[in-house]
Structures are given as C-alpha cells and as structure tokens.
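Raw contents of start18.cif, mmCIF, C-alpha atoms:
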data_input
loop_
_atom_site.label_atom_id
_atom_site.label_comp_id
_atom_site.auth_asym_id
_atom_site.auth_seq_id
_atom_site.Cartn_x
_atom_site.Cartn_y
_atom_site.Cartn_z
CA MET A 1 -0.40 29.94 -55.16
CA ALA A 2 0.39 26.66 -53.39
CA ARG A 3 3.99 26.22 -52.32
CA TYR A 4 5.97 23.72 -54.42
CA ASP A 5 6.66 20.72 -52.19
CA ILE A 6 9.76 18.95 -53.50
CA GLU A 7 9.57 16.22 -50.85
CA GLU A 8 6.02 15.33 -51.89
CA VAL A 9 7.07 15.26 -55.55
CA ARG A 10 10.03 13.01 -54.70
CA ARG A 11 7.77 10.64 -52.75
CA ARG A 12 5.27 10.41 -55.58
CA PHE A 13 7.53 10.17 -58.60
CA ILE A 14 10.93 8.66 -57.80
CA GLY A 15 10.86 5.05 -58.96
CA LEU A 16 7.87 5.60 -61.23
CA GLU A 17 8.11 3.27 -64.22
CA PHE A 18 6.53 3.65 -67.64
CA ALA A 19 5.25 0.84 -69.81
CA GLU A 20 7.77 -0.46 -72.31
CA SER A 21 7.30 1.14 -75.71
CA ARG A 22 8.61 0.17 -79.12
CA GLY A 23 10.20 2.35 -81.75
CA ARG A 24 7.94 3.46 -84.59
CA TYR A 25 10.27 1.97 -87.20
CA PRO A 26 13.24 -0.39 -87.26
CA VAL A 27 16.70 1.17 -87.27
CA GLU A 28 17.24 2.74 -90.70
CA HIS A 29 20.16 4.01 -92.73
CA ASP A 30 19.03 7.56 -93.36
CA PRO A 31 18.61 8.81 -89.78
CA ILE A 32 22.13 7.47 -89.13
CA ARG A 33 23.40 9.32 -92.20
CA ARG A 34 21.78 12.57 -91.04
CA HIS A 35 23.22 12.06 -87.57
CA CYS A 36 26.70 11.65 -89.06
CA HIS A 37 26.23 14.62 -91.38
CA MET A 38 25.73 17.12 -88.55
CA VAL A 39 29.19 16.39 -87.08
CA GLU A 40 30.87 15.51 -90.40
CA ASP A 41 31.38 11.91 -89.31
CA MET A 42 32.67 9.84 -92.26
CA ASN A 43 32.99 6.52 -90.41
CA PRO A 44 32.27 3.75 -92.96
CA LEU A 45 30.89 1.47 -90.22
CA PHE A 46 27.98 3.92 -89.98
CA LEU A 47 27.64 4.87 -93.65
CA ASP A 48 28.92 2.22 -96.06
CA PRO A 49 26.93 -1.06 -96.19
CA ASP A 50 29.61 -2.92 -98.18
CA TYR A 51 32.39 -1.91 -95.82
CA ALA A 52 30.30 -2.60 -92.71
CA ARG A 53 29.27 -6.04 -94.01
CA ARG A 54 32.92 -7.08 -94.11
CA SER A 55 33.59 -5.77 -90.58
CA ARG A 56 33.29 -7.74 -87.34
CA TRP A 57 29.78 -6.28 -86.94
CA GLY A 58 28.42 -7.67 -90.22
CA ALA A 59 26.15 -4.71 -91.00
CA VAL A 60 25.93 -0.94 -90.73
CA ILE A 61 25.85 0.01 -87.06
CA CYS A 62 24.65 3.12 -85.24
CA PRO A 63 27.16 5.54 -83.82
CA PRO A 64 27.10 4.69 -80.09
CA SER A 65 25.00 7.68 -79.10
CA GLY A 66 22.35 7.31 -76.43
CA TRP A 67 20.44 10.09 -78.15
CA LEU A 68 20.23 8.12 -81.40
CA ALA A 69 19.32 4.92 -79.56
CA MET A 70 16.48 6.75 -77.82
CA TYR A 71 15.32 8.12 -81.17
CA PHE A 72 15.06 4.65 -82.68
CA ALA A 73 13.38 3.26 -79.56
CA SER A 74 10.73 5.99 -79.55
CA LEU A 75 7.90 7.21 -81.74
CA GLY A 76 9.77 10.32 -82.86
CA PRO A 77 8.46 13.84 -83.28
CA TRP A 78 5.97 13.12 -86.05
CA PRO A 79 3.11 12.18 -86.19
CA PRO A 80 2.66 13.67 -82.72
CA VAL A 81 1.85 11.09 -80.09
CA PHE A 82 1.96 11.64 -76.37
CA GLU A 83 4.75 9.56 -74.89
CA PRO A 84 4.47 9.69 -71.13
CA LEU A 85 7.91 10.74 -70.06
CA LEU A 86 9.39 13.34 -67.81
CA PRO A 87 6.81 16.13 -68.07
CA VAL A 88 4.65 14.02 -65.76
CA VAL A 89 6.83 15.32 -62.91
CA PRO A 90 5.31 18.59 -61.67
CA THR A 91 7.88 21.40 -61.68
CA PRO A 92 7.58 25.16 -61.07
CA GLY A 93 9.22 25.88 -64.44
CA LYS A 94 8.51 24.37 -67.83
CA ARG A 95 11.71 25.37 -69.65
CA ILE A 96 14.02 22.39 -70.11
CA VAL A 97 17.78 22.01 -70.43
CA ASN A 98 19.62 18.72 -70.66
CA MET A 99 22.50 18.74 -68.18
CA ALA A 100 24.25 15.37 -68.31
CA GLN A 101 24.01 11.92 -69.81
CA GLU A 102 25.65 8.60 -69.12
CA VAL A 103 25.28 5.79 -71.64
CA GLU A 104 26.45 2.28 -70.91
CA TRP A 105 26.71 -0.04 -73.91
CA PHE A 106 26.31 -3.81 -73.99
CA ASP A 107 26.03 -4.42 -77.73
CA VAL A 108 26.00 -2.50 -81.00
CA ILE A 109 22.79 -1.46 -82.74
CA ARG A 110 22.53 -2.60 -86.35
CA VAL A 111 20.39 -1.36 -89.21
CA GLY A 112 17.25 -3.52 -89.17
CA ASP A 113 17.14 -3.90 -85.39
CA HIS A 114 13.86 -2.88 -83.79
CA LEU A 115 14.37 -1.23 -80.43
CA SER A 116 12.15 -0.76 -77.43
CA VAL A 117 12.62 1.27 -74.27
CA LYS A 118 11.54 1.03 -70.67
CA ARG A 119 11.89 4.20 -68.67
CA ARG A 120 11.82 5.06 -64.99
CA ILE A 121 12.41 8.14 -62.91
CA ALA A 122 15.56 7.60 -60.87
CA ASP A 123 15.89 10.85 -58.91
CA ILE A 124 14.39 14.31 -58.45
CA TYR A 125 15.97 17.16 -56.53
CA GLN A 126 16.05 20.94 -56.33
CA LYS A 127 19.27 22.85 -56.95
CA PRO A 128 19.42 26.55 -57.80
CA ILE A 129 20.83 27.87 -61.06
CA SER A 130 21.68 31.46 -61.90
CA ILE A 131 18.31 32.20 -63.51
CA ASP A 132 16.09 30.19 -61.15
CA PRO A 133 16.68 29.50 -57.45
CA GLU A 134 13.98 26.80 -57.52
CA ALA A 135 15.14 24.79 -60.53
CA VAL A 136 14.23 21.10 -60.45
CA TRP A 137 16.55 18.36 -61.69
CA VAL A 138 15.08 15.07 -62.89
CA VAL A 139 17.19 11.99 -63.49
CA SER A 140 15.71 9.27 -65.69
CA GLU A 141 16.94 5.83 -66.62
CA SER A 142 16.03 4.24 -69.96
CA ILE A 143 16.77 0.62 -70.70
CA ILE A 144 16.91 -0.01 -74.44
CA ARG A 145 16.52 -3.52 -75.85
CA ASN A 146 16.68 -4.95 -79.34
CA GLN A 147 14.11 -7.24 -80.98
CA GLU A 148 15.68 -10.25 -79.26
CA GLY A 149 15.13 -8.70 -75.85
CA LYS A 150 18.84 -8.12 -75.32
CA VAL A 151 19.76 -4.92 -73.49
CA VAL A 152 21.88 -2.87 -75.89
CA CYS A 153 22.31 0.20 -73.70
CA VAL A 154 21.17 1.99 -70.58
CA VAL A 155 20.82 5.77 -70.76
CA ARG A 156 20.84 7.86 -67.58
CA ASN A 157 19.82 11.41 -68.33
CA THR A 158 19.64 14.51 -66.15
CA LEU A 159 17.13 17.16 -67.19
CA LEU A 160 16.80 20.58 -65.62
CA PHE A 161 13.39 22.28 -65.43
CA HIS A 162 13.47 26.01 -64.79
CA ARG A 163 11.35 29.15 -64.94
CA THR A 164 11.99 32.13 -67.20
CA PRO A 165 13.46 35.25 -65.53
CA GLU A 166 10.01 36.89 -65.89
CA GLU A 167 8.35 33.96 -64.11
CA VAL A 168 10.93 34.09 -61.32
CA ALA A 169 10.39 37.85 -60.91
CA ALA A 170 6.60 37.44 -60.90
CA ALA A 171 6.80 34.72 -58.27
CA GLN A 172 9.07 36.91 -56.14
CA GLU A 173 6.63 39.82 -56.41
CA GLY A 174 3.82 37.49 -55.40
CA LYS A 175 5.72 36.45 -52.29
CA GLU A 176 6.40 40.04 -51.31
CA ALA A 177 2.83 41.21 -51.89
CA MET B 1 40.43 0.17 -97.26
CA LYS B 2 40.44 -0.76 -93.57
CA ARG B 3 40.99 2.02 -91.11
CA ARG B 4 43.90 2.22 -88.70
CA GLN B 5 43.36 -0.02 -85.67
CA PRO B 6 44.91 0.79 -82.29
CA TYR B 7 45.67 -2.15 -80.00
CA TRP B 8 45.50 -1.94 -76.22
CA GLU B 9 49.19 -2.73 -75.76
CA GLU B 10 50.25 0.16 -77.99
CA VAL B 11 48.12 2.85 -76.34
CA LYS B 12 49.97 5.10 -73.90
CA VAL B 13 48.48 6.96 -70.95
CA GLY B 14 48.70 10.66 -71.77
CA GLU B 15 48.32 10.02 -75.51
CA GLU B 16 46.04 12.51 -77.24
CA LEU B 17 43.17 11.47 -79.48
CA PRO B 18 43.25 13.33 -82.82
CA GLY B 19 39.92 15.14 -82.42
CA PHE B 20 38.52 17.70 -84.85
CA SER B 21 36.89 21.11 -85.02
CA LEU B 22 33.58 22.33 -86.43
CA GLN B 23 32.34 25.83 -87.10
CA ILE B 24 29.04 26.48 -85.33
CA ASN B 25 26.94 28.57 -87.69
CA GLU B 26 23.40 28.83 -89.03
CA ARG B 27 23.89 25.86 -91.34
CA ARG B 28 25.14 23.75 -88.43
CA MET B 29 22.02 24.64 -86.42
CA TYR B 30 19.86 23.27 -89.24
CA LEU B 31 22.01 20.16 -89.54
CA GLN B 32 21.59 19.72 -85.78
CA ALA B 33 17.79 19.76 -86.01
CA SER B 34 17.88 17.33 -88.93
CA GLY B 35 20.42 15.00 -87.32
CA THR B 36 18.90 14.88 -83.86
CA GLN B 37 15.22 15.42 -84.75
CA ASP B 38 15.13 17.68 -81.69
CA TRP B 39 12.56 20.37 -82.41
CA TYR B 40 12.67 22.06 -79.01
CA PRO B 41 12.86 25.76 -80.00
CA LEU B 42 15.66 26.50 -77.54
CA HIS B 43 18.06 25.30 -80.24
CA PHE B 44 16.81 27.32 -83.22
CA ASP B 45 14.51 30.13 -82.00
CA ARG B 46 16.50 33.08 -80.63
CA ASP B 47 13.47 34.80 -79.06
CA PHE B 48 12.48 31.61 -77.25
CA ALA B 49 16.05 31.10 -75.99
CA ARG B 50 16.37 34.70 -74.76
CA GLN B 51 12.99 34.64 -73.08
CA ALA B 52 14.15 31.57 -71.18
CA GLY B 53 17.15 33.53 -69.89
CA HIS B 54 19.85 32.29 -72.28
CA PRO B 55 22.06 34.70 -74.24
CA ASP B 56 21.41 32.87 -77.52
CA ILE B 57 20.45 29.54 -79.08
CA PHE B 58 22.96 26.75 -78.49
CA MET B 59 23.80 23.23 -79.65
CA ASN B 60 21.73 20.47 -78.08
CA THR B 61 22.70 17.33 -76.17
CA GLY B 62 22.29 15.02 -79.17
CA PHE B 63 24.69 17.12 -81.21
CA MET B 64 27.28 17.40 -78.44
CA GLN B 65 27.07 13.68 -77.77
CA ALA B 66 27.53 12.92 -81.47
CA ALA B 67 30.66 15.08 -81.48
CA LEU B 68 32.18 13.40 -78.41
CA VAL B 69 31.28 9.97 -79.79
CA ARG B 70 33.04 10.89 -83.04
CA VAL B 71 36.24 11.75 -81.15
CA ILE B 72 36.19 8.19 -79.77
CA THR B 73 34.98 6.25 -82.81
CA ASP B 74 37.38 8.04 -85.20
CA TRP B 75 40.20 6.87 -82.92
CA MET B 76 39.18 3.39 -81.71
CA GLY B 77 39.07 1.75 -85.14
CA ASP B 78 36.65 -0.85 -86.43
CA GLU B 79 37.40 -3.34 -83.66
CA GLY B 80 36.96 -0.95 -80.74
CA PHE B 81 33.81 -0.85 -78.63
CA LEU B 82 32.60 2.15 -76.65
CA LYS B 83 31.57 0.64 -73.32
CA LYS B 84 30.46 3.79 -71.53
CA LEU B 85 30.31 7.54 -72.08
CA TYR B 86 29.51 10.19 -69.49
CA PHE B 87 29.38 13.90 -70.28
CA GLU B 88 28.02 17.14 -68.85
CA MET B 89 26.45 20.07 -70.70
CA ARG B 90 28.14 22.74 -68.55
CA ARG B 91 28.50 25.59 -71.02
CA GLN B 92 27.27 26.32 -74.50
CA GLN B 93 28.39 26.11 -78.12
CA ARG B 94 26.65 28.97 -79.92
CA PRO B 95 26.56 30.32 -83.47
CA GLY B 96 29.88 32.04 -84.11
CA ASP B 97 31.92 29.59 -82.03
CA LEU B 98 34.59 27.30 -83.41
CA MET B 99 33.91 24.05 -81.52
CA VAL B 100 37.07 22.03 -80.90
CA CYS B 101 36.65 18.41 -79.75
CA LYS B 102 39.53 16.55 -78.17
CA GLY B 103 40.43 13.52 -76.08
CA ARG B 104 43.25 12.11 -74.01
CA VAL B 105 44.00 8.63 -72.62
CA VAL B 106 43.98 8.78 -68.82
CA ALA B 107 44.17 5.09 -67.82
CA LYS B 108 44.38 1.57 -69.22
CA TYR B 109 43.72 -1.70 -67.46
CA VAL B 110 42.29 -5.20 -67.87
CA GLN B 111 38.97 -5.84 -66.18
CA ASP B 112 36.90 -9.02 -66.47
CA GLY B 113 39.00 -10.05 -69.45
CA GLN B 114 38.40 -6.79 -71.30
CA HIS B 115 41.26 -4.52 -72.31
CA ILE B 116 39.93 -1.12 -71.33
CA VAL B 117 41.22 2.34 -72.13
CA GLU B 118 39.77 5.26 -70.20
CA CYS B 119 39.77 8.63 -71.95
CA GLU B 120 38.83 12.17 -71.12
CA VAL B 121 36.88 13.70 -73.98
CA TRP B 122 35.64 17.23 -74.25
CA ALA B 123 34.41 20.06 -76.46
CA GLU B 124 35.74 23.57 -76.04
CA ASN B 125 35.62 26.98 -77.66
CA GLU B 126 37.56 30.22 -77.32
CA ARG B 127 34.68 32.04 -75.68
CA GLU B 128 34.04 29.69 -72.74
CA GLY B 129 36.86 27.13 -72.63
CA VAL B 130 35.67 23.59 -71.97
CA THR B 131 31.91 23.47 -72.52
CA THR B 132 31.24 19.75 -72.45
CA PRO B 133 33.58 17.59 -70.35
CA GLY B 134 33.22 13.84 -70.59
CA ARG B 135 34.80 10.50 -69.91
CA ALA B 136 34.77 7.41 -72.09
CA TRP B 137 35.55 3.77 -71.39
CA VAL B 138 36.64 1.93 -74.53
CA VAL B 139 37.37 -1.76 -75.10
CA LEU B 140 40.23 -2.19 -77.55
CA PRO B 141 41.47 -5.41 -79.12
CA SER B 142 44.56 -6.94 -77.61
CA ARG B 143 47.53 -8.37 -79.49
CA GLN B 144 47.10 -11.36 -77.18
CA GLY B 145 43.53 -11.87 -78.41
CA ALA B 146 40.77 -13.06 -76.06
CA ASP B 147 39.13 -9.69 -76.05
CA ASP B 148 35.67 -8.69 -77.18
CA THR B 149 32.80 -6.31 -76.61
CA GLY B 150 30.67 -6.40 -73.55
#

Encoding of this model in structure tokens:
Amino acid sequence: MARYDIEEVRRRFIGLEFAESRGRYPVEHDPIRRHCHMVEDMNPLFLDPDYARRSRWGAVICPPSGWLAMYFASLGPWPPVFEPLLPVVPTPGKRIVNMAQEVEWFDVIRVGDHLSVKRRIADIYQKPISIDPEAVWVVSESIIRNQEGKVVCVVRNTLLFHRTPEEVAAAQEGKEA
Amino acid sequence: MKRRQPYWEEVKVGEELPGFSLQINERRMYLQASGTQDWYPLHFDRDFARQAGHPDIFMNTGFMQAALVRVITDWMGDEGFLKKLYFEMRRQQRPGDLMVCKGRVVAKYVQDGQHIVECEVWAENEREGVTTPGRAWVVLPSRQGADDTG
C-alpha cells in the first residue's frame, strides 16, 4: 500500500475553498427549541416570541452556538445531499472526532434569517493519539453570512481523522510482513 | 418578567457563573441527536464507538457547545453578547455521568469601546474531571452606556 504523504496532502488541500452554499430553510423556531431542550435551556430570548420581540433583538434569536449556525447554513442530514466538505481530504483513517471549535460572533441570528456558508481548509497536520499514531487533524474555517450578506459568525473547527485499533494493527502487520 | 442583567462595572474578576448540571443518560443521548441533528453513530451506537477504540458512546460537540453557551447566556442577561467562544473536546461525557458546567470571570477590560468580560467555562464530571475546557469573551452593557454588540 502506498505510504501516506502528509506533505503532499498539505500542499494540495490547505487553502482549498468550497463554493458558498445556502441553508435549505430559513432559521426556524423548532430546531432552536430542540437545541434548547437537550441542555434544558429555558432562555426566553430563544423560546418565547413575545418576550424576544420586546428585547433589544426584536425577535427570537439563536443560542450563539457555531454548531447551530452551521446547521441553519447547511442542507442538513435529510434528504441526503453530498456537501463537499472535509472528507475530500485523504486520510489513513475514516473515523472522525471533533476536537476543538472557536466561534467568533459579529451579530445575532434571528428566526427568519436565511444563512449561507463559505468554507475553506485552513490547516492539516499529523499528530499521534493513543489509538492511532498516524491520526490526521484538519482545521476548517466557515464564514457564515445572513441574507443581507453580513458576516454573523466565523467558525474554526478542528476535526481528527483516525483508524480503528484493528486497522492500525493490520497496517502494522503489513509493514512487518 | 425581564431577567437579571449584569453590568460590566459590577462584575468582579474571580466571580463564579452559576452554571448547572445535567444527568447524561439514554434519554439525554436521544435529546442530543434531536437537538444537534448529528447522526454520526459514534454518539448513539455502542458497537460502532467501541470498534473505533472508544470505551463507550459520548456526547457530541454540538451538545457540549450548547451546554457551555448556556452557562454564558444564562448569566449574561438579555443585553449581553457572546463575542467569542473557544473550547476543546479533551475528554468525554458518557451515559452514567453527571455533567457539571461552570464558569468563572478571569478578566475584564474595555477594548474598542466594548466592555468585555473574559470567562473560563468548562464541563466536568466525577469520572474524568474537566472534560471540556473553554474560554468566552462577552460584551456586557455598561452603566455609562455607549456599549453595544460587535
């Protein structure tokens, strides 16, 4: 099997940009409600239209979560549509773990906004973890805008791609053979 | 009824944010999938998680972020604005854990006309200690006015 060449992968993919894509639907109440439900968040700015209307924001707003912003700026898990994102980076392992996220906010997201996202690959490097000495880390940057073209947030995400212990053992046996 | 509103002048470095705790159990795993729409099996399929080398399924990034965001938004009031949040998924919250989420003010300053409070935020459990350390930068209203979001 060909040796994984991290330098070649870095040369080919760091800086790669994807076409801007628009969320399937505008920002809606119910996904916000479900998001709040999982962590028992009772904040009326996120849940109560009457209360939120009287606030400085003028409408129900999203909890400031980069995850939720990405959800509204994307096509979502159903119907299935291929969104070219990080799996385009070749990696020895296909198992994924999210390791870190930084979200910088410039405005709130309101119910009714329609978000879009432009993504790029910011960094790729190899760093061993306990279950895979050849794990690959991929840093992406997603710029999320509202329907007026205003940047509402920038999400920098670090994903780890690793092999299963069986795959690591098989690769080791292959090297020794 | 309006919620309590902290002002920048009244916040003290070292002050603790109230925080909260949540039991991580089967029901919470389902709520996680519903709330994040993350259907990667690592977070609900024990065989898949163990085959990948993990001891068990664990809470995903969207869930952990929502919890850390709640620590901040519960505290910062209706006028506060979360300017930036950084966090790391270092260890795991698994079924059976009691997840405790906390925060603490570590700095306050005025920058570009904004009254900023910097906070450590984190999630922890008895089994692994701090699982998800983070840092938040929050703009709070000032008693002197002239403060806003980004």

Starting from the shown file, work through the PyMOL selection byres ((chain B) within 6 of (chain A)) and note down what comes out as a PyMOL selection string. chain B and resi 31-32+35+52-53+62+67+83-89+150

Specify as a PDB file with C-alpha atoms, in the frame of the given file each residue included when the PyMOL selection byres ((chain B and resi 99-110) around 6) is applied to this file.
ATOM      1  CA  VAL B  13      48.480   6.960 -70.950  1.00  0.00           C
ATOM      2  CA  GLY B  14      48.700  10.660 -71.770  1.00  0.00           C
ATOM      3  CA  GLU B  15      48.320  10.020 -75.510  1.00  0.00           C
ATOM      4  CA  GLU B  16      46.040  12.510 -77.240  1.00  0.00           C
ATOM      5  CA  LEU B  17      43.170  11.470 -79.480  1.00  0.00           C
ATOM      6  CA  GLY B  19      39.920  15.140 -82.420  1.00  0.00           C
ATOM      7  CA  PHE B  20      38.520  17.700 -84.850  1.00  0.00           C
ATOM      8  CA  SER B  21      36.890  21.110 -85.020  1.00  0.00           C
ATOM      9  CA  LEU B  22      33.580  22.330 -86.430  1.00  0.00           C
ATOM     10  CA  ASP B  97      31.920  29.590 -82.030  1.00  0.00           C
ATOM     11  CA  LEU B  98      34.590  27.300 -83.410  1.00  0.00           C
ATOM     12  CA  GLN B 111      38.970  -5.840 -66.180  1.00  0.00           C
ATOM     13  CA  GLN B 114      38.400  -6.790 -71.300  1.00  0.00           C
ATOM     14  CA  HIS B 115      41.260  -4.520 -72.310  1.00  0.00           C
ATOM     15  CA  ILE B 116      39.930  -1.120 -71.330  1.00  0.00           C
ATOM     16  CA  VAL B 117      41.220   2.340 -72.130  1.00  0.00           C
ATOM     17  CA  GLU B 118      39.770   5.260 -70.200  1.00  0.00           C
ATOM     18  CA  CYS B 119      39.770   8.630 -71.950  1.00  0.00           C
ATOM     19  CA  GLU B 120      38.830  12.170 -71.120  1.00  0.00           C
ATOM     20  CA  VAL B 121      36.880  13.700 -73.980  1.00  0.00           C
ATOM     21  CA  TRP B 122      35.640  17.230 -74.250  1.00  0.00           C
ATOM     22  CA  ALA B 123      34.410  20.060 -76.460  1.00  0.00           C
ATOM     23  CA  GLU B 124      35.740  23.570 -76.040  1.00  0.00           C
ATOM     24  CA  ASN B 125      35.620  26.980 -77.660  1.00  0.00           C
TER      25      ASN B 125
END

For the structure provided, state which residues fall under the PyMOL selection byres ((chain A and resi 10) around 10), and present them as a PyMOL selection string. chain A and resi 5-9+11-15+89+121-125+138

What does the file look like for those residues with C-alpha atoms, as a PDB file, keeping the file's coordinate frame?
ATOM      1  CA  ASP A   5       6.660  20.720 -52.190  1.00  0.00           C
ATOM      2  CA  ILE A   6       9.760  18.950 -53.500  1.00  0.00           C
ATOM      3  CA  GLU A   7       9.570  16.220 -50.850  1.00  0.00           C
ATOM      4  CA  GLU A   8       6.020  15.330 -51.890  1.00  0.00           C
ATOM      5  CA  VAL A   9       7.070  15.260 -55.550  1.00  0.00           C
ATOM      6  CA  ARG A  11       7.770  10.640 -52.750  1.00  0.00           C
ATOM      7  CA  ARG A  12       5.270  10.410 -55.580  1.00  0.00           C
ATOM      8  CA  PHE A  13       7.530  10.170 -58.600  1.00  0.00           C
ATOM      9  CA  ILE A  14      10.930   8.660 -57.800  1.00  0.00           C
ATOM     10  CA  GLY A  15      10.860   5.050 -58.960  1.00  0.00           C
ATOM     11  CA  VAL A  89       6.830  15.320 -62.910  1.00  0.00           C
ATOM     12  CA  ILE A 121      12.410   8.140 -62.910  1.00  0.00           C
ATOM     13  CA  ALA A 122      15.560   7.600 -60.870  1.00  0.00           C
ATOM     14  CA  ASP A 123      15.890  10.850 -58.910  1.00  0.00           C
ATOM     15  CA  ILE A 124      14.390  14.310 -58.450  1.00  0.00           C
ATOM     16  CA  TYR A 125      15.970  17.160 -56.530  1.00  0.00           C
ATOM     17  CA  VAL A 138      15.080  15.070 -62.890  1.00  0.00           C
TER      18      VAL A 138
END

Within 7 Å of Phe18 in chain A using all atoms listed in the file, minus same-chain residues under 6 positions, as a VMD selection string: chain A and resid 118 to 120

Contacts of Pro6 in chain B within 12 Å, only C-alpha atoms, excl. fewer than 6 positions in-chain, as a list in words: Lys12, Glu15, Leu17, Ile72, Thr73, Asp74, Trp75, Met76, Gly77, Asp78, Glu79, Gly80, Phe81, His115, Val117, Val138, Val139, Leu140, Pro141, Ser142 and Arg143 of chain B

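Each of B:Met64, B:Val71, B:Ala49, B:Ile57 was checked against Thr131 in chain B using only C-alpha atoms; the smallest atom-to-atom distance is that of B:Met64.
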
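Relative to CA of Ala69 in chain A, CA of Gly129 in chain B is found at 29.1 Å.
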
CA of Arg145 in chain A to CA of Phe161 in chain A, straight-line distance in Å: 28.0 Å

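Between CA of Gln92 in chain B and CA of Pro55 in chain B lies a distance of 9.9 Å.
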
For range 40-113 of chain A in the structure I just supplied, write out C-alpha atoms - as an mmCIF file, in the first residue's frame.
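As written to disk, part.cif reads:
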data_model
loop_
_atom_site.group_PDB
_atom_site.id
_atom_site.type_symbol
_atom_site.label_atom_id
_atom_site.label_comp_id
_atom_site.auth_asym_id
_atom_site.auth_seq_id
_atom_site.Cartn_x
_atom_site.Cartn_y
_atom_site.Cartn_z
ATOM 1 C CA GLU A 40 -32.657 22.255 29.423
ATOM 2 C CA ASP A 41 -32.114 25.842 28.306
ATOM 3 C CA MET A 42 -35.169 27.961 29.240
ATOM 4 C CA ASN A 43 -33.869 31.292 27.919
ATOM 5 C CA PRO A 44 -36.923 33.264 26.684
ATOM 6 C CA LEU A 45 -34.805 35.052 24.050
ATOM 7 C CA PHE A 46 -34.552 31.675 22.307
ATOM 8 C CA LEU A 47 -38.021 30.309 23.057
ATOM 9 C CA ASP A 48 -40.643 32.996 23.652
ATOM 10 C CA PRO A 49 -41.578 35.165 20.628
ATOM 11 C CA ASP A 50 -43.478 37.743 22.717
ATOM 12 C CA TYR A 51 -40.629 38.172 25.172
ATOM 13 C CA ALA A 52 -37.986 38.265 22.441
ATOM 14 C CA ARG A 53 -39.967 40.848 20.436
ATOM 15 C CA ARG A 54 -39.753 43.259 23.363
ATOM 16 C CA SER A 55 -35.990 42.694 23.805
ATOM 17 C CA ARG A 56 -33.194 44.684 22.175
ATOM 18 C CA TRP A 57 -33.033 41.977 19.477
ATOM 19 C CA GLY A 58 -36.645 42.368 18.333
ATOM 20 C CA ALA A 59 -37.215 38.679 17.558
ATOM 21 C CA VAL A 60 -36.361 35.193 18.743
ATOM 22 C CA ILE A 61 -32.625 34.656 18.344
ATOM 23 C CA CYS A 62 -30.494 31.522 18.100
ATOM 24 C CA PRO A 63 -28.372 30.472 21.025
ATOM 25 C CA PRO A 64 -24.877 31.598 19.947
ATOM 26 C CA SER A 65 -23.687 28.126 19.003
ATOM 27 C CA GLY A 66 -21.499 27.665 15.961
ATOM 28 C CA TRP A 67 -22.968 24.190 15.608
ATOM 29 C CA LEU A 68 -26.500 25.576 15.287
ATOM 30 C CA ALA A 69 -25.357 28.299 12.897
ATOM 31 C CA MET A 70 -23.728 25.659 10.698
ATOM 32 C CA TYR A 71 -26.932 23.617 10.794
ATOM 33 C CA PHE A 72 -29.014 26.516 9.520
ATOM 34 C CA ALA A 73 -26.418 27.409 6.882
ATOM 35 C CA SER A 74 -26.315 23.857 5.531
ATOM 36 C CA LEU A 75 -28.624 21.389 3.840
ATOM 37 C CA GLY A 76 -28.955 19.207 6.933
ATOM 38 C CA PRO A 77 -28.956 15.434 7.164
ATOM 39 C CA TRP A 78 -32.119 14.811 5.161
ATOM 40 C CA PRO A 79 -32.793 14.490 2.238
ATOM 41 C CA PRO A 80 -29.217 13.298 1.748
ATOM 42 C CA VAL A 81 -27.179 15.580 -0.469
ATOM 43 C CA PHE A 82 -23.433 15.497 -0.856
ATOM 44 C CA GLU A 83 -21.964 18.658 0.595
ATOM 45 C CA PRO A 84 -18.309 18.795 -0.313
ATOM 46 C CA LEU A 85 -16.627 19.341 2.996
ATOM 47 C CA LEU A 86 -13.805 17.797 4.910
ATOM 48 C CA PRO A 87 -13.936 14.193 3.682
ATOM 49 C CA VAL A 88 -12.316 15.463 0.489
ATOM 50 C CA VAL A 89 -9.029 15.445 2.422
ATOM 51 C CA PRO A 90 -7.474 11.988 2.062
ATOM 52 C CA THR A 91 -6.675 10.465 5.456
ATOM 53 C CA PRO A 92 -5.498 6.983 6.511
ATOM 54 C CA GLY A 93 -8.451 6.653 8.904
ATOM 55 C CA LYS A 94 -12.113 7.405 8.319
ATOM 56 C CA ARG A 95 -13.295 7.614 11.940
ATOM 57 C CA ILE A 96 -13.933 11.202 12.980
ATOM 58 C CA VAL A 97 -13.806 13.038 16.304
ATOM 59 C CA ASN A 98 -14.335 16.748 16.753
ATOM 60 C CA MET A 99 -11.518 18.140 18.903
ATOM 61 C CA ALA A 100 -11.975 21.901 19.225
ATOM 62 C CA GLN A 101 -14.043 24.789 17.978
ATOM 63 C CA GLU A 102 -13.700 28.543 18.060
ATOM 64 C CA VAL A 103 -16.681 30.696 17.136
ATOM 65 C CA GLU A 104 -16.393 34.438 16.716
ATOM 66 C CA TRP A 105 -19.674 36.357 16.623
ATOM 67 C CA PHE A 106 -20.423 39.616 14.844
ATOM 68 C CA ASP A 107 -24.221 39.681 15.060
ATOM 69 C CA VAL A 108 -27.098 37.607 16.378
ATOM 70 C CA ILE A 109 -29.059 35.183 14.200
ATOM 71 C CA ARG A 110 -32.805 35.764 14.208
ATOM 72 C CA VAL A 111 -35.681 33.482 13.280
ATOM 73 C CA GLY A 112 -36.419 34.184 9.607
ATOM 74 C CA ASP A 113 -32.806 34.857 8.652
#
